[in-house]
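Q: One structure, pasted below without further comment.
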Amino acid sequence: MRNLVLLSFSCAMLGSAIFPAPGAETQTQPRLKVLIVDGQNNHGWQQTTPILKAALESAGIFSVDVATSPATGKSLAGFKPDFAKYRVIVSNYNGEDWPEPTRLAFEDYVKSGGGLVIIHAADNAFPKWVEYNRMIAVGGWGGRNDQSGPMLRWRDGQVVRDLRGGGGTHGKFFAFVVETRDPNHPITQGLPEKWLHAPDELYATLCGPAENVTVLATAQSDATHQQEPTLMAIRYGQGRVFHTVLGHNEESMRDVGFVVTLDRGTEWAATGSVTQKVPENFPTADKVSPWSPPTSK
Ligand code: ZN
């Protein structure tokens, strides 16, 4: 039954956004449907989801809905977002386990080609959910440890898998330089080699299955003094996952670097390519570029 539903979803997608008419203008193309999932998080999702929504809408290619789960301690039995209606799910959720039918629907959705974007503490969620951990490559806290899989480290010009000491930590809230490590990926193509990110909480020692993952960018942790992965692209089945560890709070998100990488990563997760240009006000190696939502749309 589930396969039938997904088949009809796939056909609907083929008929619209995947193959726009040749020469069609951006404005006439159907917008890519995005679903932000929130409702539980040890971070201020009530403040950050509106910024994520505005940031995505500012790209001009997305239409954005939000699915908010019941609050912590309330039954999640009825929480069944219709994932298949969307090209990409953006998770701002770090809370209690979803009911099994919702988890299975989510697995089928990504496995069969749906996009997924993981924002900051969403990689703390669902430590025991095997398939979720494969989707996000690495995560932190919730009992994750050496047994969960390796950490990803950038050393001597390459990604190294480090099996000892994983579990999740961070240093102080500070502005740090993000370094592009794969300049040829659609998400990072055209970004500067180094850019200064607004104050944020830089995750370190994340660990997990780390399968089919491309480390797009890293940053030097003040906690581990290692180059920790900050932007990642993951393949899971037919699906694409963009994982940004950035975005602790509103200040961290009101940053052109955060917004541009979010929008590019979300488009890639949805379609496999990126049509957006890198704006001239993208941050430089020594200057943060504050972002605020467009005043008129
Ligand atoms: Zn945080």
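In the structure tokens, chains take the letters A, B, ... in the order shown, each chain's residues start at 1, and ligands count up from 1 in the order shown.
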Kindly compile the residues surrounding ligand 1 within 6 Å, counting only C-alpha atoms and all ligand atoms, and format them as a PyMOL selection string.
A: chain A and resi 121+201+248
Q: Which polymer residues have any atom within 10 Å of an atom of range 31-47 of chain A, counting only C-alpha atoms, with same-chain residues fewer than 3 positions away left out, as a count of residues only?
A: 58
Q: Enumerate as a VMD selection string all residues of range 84-227 of chain A assigned to strand (DSSP E or B) by DSSP on the backbone, naming them with the chain letters and numbers the document uses.
A: chain A and resid 88 to 91 115 to 119 139 151 to 155 158 to 162 169 to 180 194 to 204 207 213 to 220 227
Q: Using DSSP on the backbone coordinates, identify all residues within range 156-283 of chain A classified as alpha helix (DSSP H); present the result as JSON, numbers by chain.
A: {"A": [250, 251, 252, 253, 256, 257, 258, 259, 260, 261, 262, 263, 264, 265, 266, 267, 268, 269, 270, 271]}
Q: For the atom pair CA of His185 in chain A and CA of Phe173 in chain A, what is the interatomic distance in Å to one decimal place?
A: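 Distance between the two atoms: 28.6 Å.
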Q: Find the residues near Val130 in chain A: any atom within 10 Å, counting only C-alpha atoms, skip ones fewer than 5 places away on the same chain, and give them as a PyMOL selection string.
A: chain A and resi 135+148+208-209
Q: Restricting the calculation to only C-alpha atoms: of A:Phe126, A:Phe176, A:Tyr236, A:Tyr132, which residue gets closest to Gly113 in chain A?
A: A:Tyr236
Q: Please compute the CA of Leu231 in chain A-CA of Asp162 in chain A distance, one decimal, in Å.
A: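 Going from CA of Leu231 in chain A over to CA of Asp162 in chain A, I get 17.8 Å.
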Q: As an exercise, work out the distance from CA of Ala269 in chain A to CA of Arg103 in chain A in Å and give it to one decimal place.
A: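 Here the two named atoms are 19.2 Å from each other.
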Q: Quick one: residues within 10 Å of Asn145 in chain A, only C-alpha atoms, excluding same-chain residues fewer than 2 positions away - as a list in words?
A: Gly139, Gly140, Trp141, Gly142, Gly143, Gln147, Ser148, Gly149, Pro150, Met151, Leu163, Arg164, Gly165, Gly166, Gly167, Gly168, Thr205, Leu206, Cys207 and Gly208 of chain A
Q: Generate the output file for the selected residues, N, CA and C atoms, as an mmCIF file, in the first residue's frame.
A:
data_model
loop_
_atom_site.group_PDB
_atom_site.id
_atom_site.type_symbol
_atom_site.label_atom_id
_atom_site.label_comp_id
_atom_site.auth_asym_id
_atom_site.auth_seq_id
_atom_site.Cartn_x
_atom_site.Cartn_y
_atom_site.Cartn_z
ATOM 1 N N GLY A 139 25.848 12.246 14.327
ATOM 2 C CA GLY A 139 25.006 13.008 15.245
ATOM 3 C C GLY A 139 25.662 13.060 16.612
ATOM 4 N N GLY A 140 24.979 13.710 17.547
ATOM 5 C CA GLY A 140 25.570 13.852 18.870
ATOM 6 C C GLY A 140 24.550 13.706 19.987
ATOM 7 N N TRP A 141 25.051 13.423 21.187
ATOM 8 C CA TRP A 141 24.268 13.326 22.412
ATOM 9 C C TRP A 141 23.246 12.165 22.359
ATOM 10 N N GLY A 142 22.392 12.095 23.353
ATOM 11 C CA GLY A 142 21.373 11.048 23.399
ATOM 12 C C GLY A 142 21.963 9.665 23.592
ATOM 13 N N GLY A 143 23.165 9.569 24.146
ATOM 14 C CA GLY A 143 23.787 8.264 24.341
ATOM 15 C C GLY A 143 24.692 7.842 23.200
ATOM 16 N N GLN A 147 30.516 3.485 19.988
ATOM 17 C CA GLN A 147 29.814 2.363 19.362
ATOM 18 C C GLN A 147 28.891 2.811 18.233
ATOM 19 N N SER A 148 28.591 4.103 18.166
ATOM 20 C CA SER A 148 27.656 4.607 17.151
ATOM 21 C C SER A 148 28.311 4.728 15.788
ATOM 22 N N GLY A 149 29.657 4.744 15.774
ATOM 23 C CA GLY A 149 30.375 4.903 14.516
ATOM 24 C C GLY A 149 31.439 5.972 14.653
ATOM 25 N N PRO A 150 32.175 6.204 13.568
ATOM 26 C CA PRO A 150 33.303 7.137 13.645
ATOM 27 C C PRO A 150 32.888 8.603 13.650
ATOM 28 N N MET A 151 33.814 9.436 14.062
ATOM 29 C CA MET A 151 33.737 10.875 13.824
ATOM 30 C C MET A 151 34.371 11.158 12.468
ATOM 31 N N LEU A 163 37.687 6.738 15.154
ATOM 32 C CA LEU A 163 36.770 5.867 15.888
ATOM 33 C C LEU A 163 36.744 6.096 17.391
ATOM 34 N N ARG A 164 37.606 6.953 17.884
ATOM 35 C CA ARG A 164 37.699 7.075 19.342
ATOM 36 C C ARG A 164 37.267 8.454 19.835
ATOM 37 N N GLY A 165 36.290 8.474 20.730
ATOM 38 C CA GLY A 165 35.958 9.726 21.408
ATOM 39 C C GLY A 165 34.716 10.432 20.926
ATOM 40 N N GLY A 166 33.901 9.755 20.098
ATOM 41 C CA GLY A 166 32.702 10.403 19.580
ATOM 42 C C GLY A 166 31.598 10.519 20.611
ATOM 43 N N GLY A 167 30.635 11.398 20.350
ATOM 44 C CA GLY A 167 29.478 11.498 21.244
ATOM 45 C C GLY A 167 28.802 12.850 21.229
ATOM 46 N N GLY A 168 29.529 13.889 20.817
ATOM 47 C CA GLY A 168 28.907 15.211 20.746
ATOM 48 C C GLY A 168 29.355 16.135 21.850
ATOM 49 N N THR A 205 32.887 16.350 17.699
ATOM 50 C CA THR A 205 32.861 14.913 18.044
ATOM 51 C C THR A 205 31.536 14.226 17.688
ATOM 52 N N LEU A 206 30.837 14.747 16.679
ATOM 53 C CA LEU A 206 29.657 14.023 16.194
ATOM 54 C C LEU A 206 30.126 12.689 15.621
ATOM 55 N N CYS A 207 29.290 11.658 15.769
ATOM 56 C CA CYS A 207 29.693 10.336 15.291
ATOM 57 C C CYS A 207 28.462 9.600 14.774
ATOM 58 N N GLY A 208 28.704 8.575 13.978
ATOM 59 C CA GLY A 208 27.577 7.823 13.432
ATOM 60 C C GLY A 208 28.028 6.927 12.295
#
Q: Have a look at A:Ala217, A:Leu196, A:Ala210, A:Ile187 and name the one nearest to Trp268 in chain A; count only C-alpha atoms.
A: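 Of all the options, A:Ile187 lies closest to Trp268 in chain A.
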Q: Return the single residue from A:Pro294, A:Pro199, A:Pro127, A:Pro99 that is closest to Gly171 in chain A, with distances computed using only C-alpha atoms.
A: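 Of A:Pro294, A:Pro199, A:Pro127, A:Pro99, the one nearest Gly171 in chain A, counting only C-alpha atoms, is A:Pro199.
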Q: Calculated over only C-alpha atoms, which of the candidates A:Thr261, A:Ser252, A:Ser292, A:Gln238 has the smallest distance to Thr180 in chain A?
A: A:Thr261
Q: Just want the 7 Å neighbourhood of range 256-258 of chain A, counted on only C-alpha atoms, with same-chain residues fewer than 5 positions away dropped. Output as a PyMOL selection string.
A: chain A and resi 197+282-283+289-291
Q: Point out the residue among A:His225, A:Asp156, A:Arg181, A:Ile136 with the least atom-to-atom distance to Ile118 in chain A, counting only C-alpha atoms.
A: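 When distances to Ile118 in chain A are compared using only C-alpha atoms, the smallest one comes from A:Ile136.
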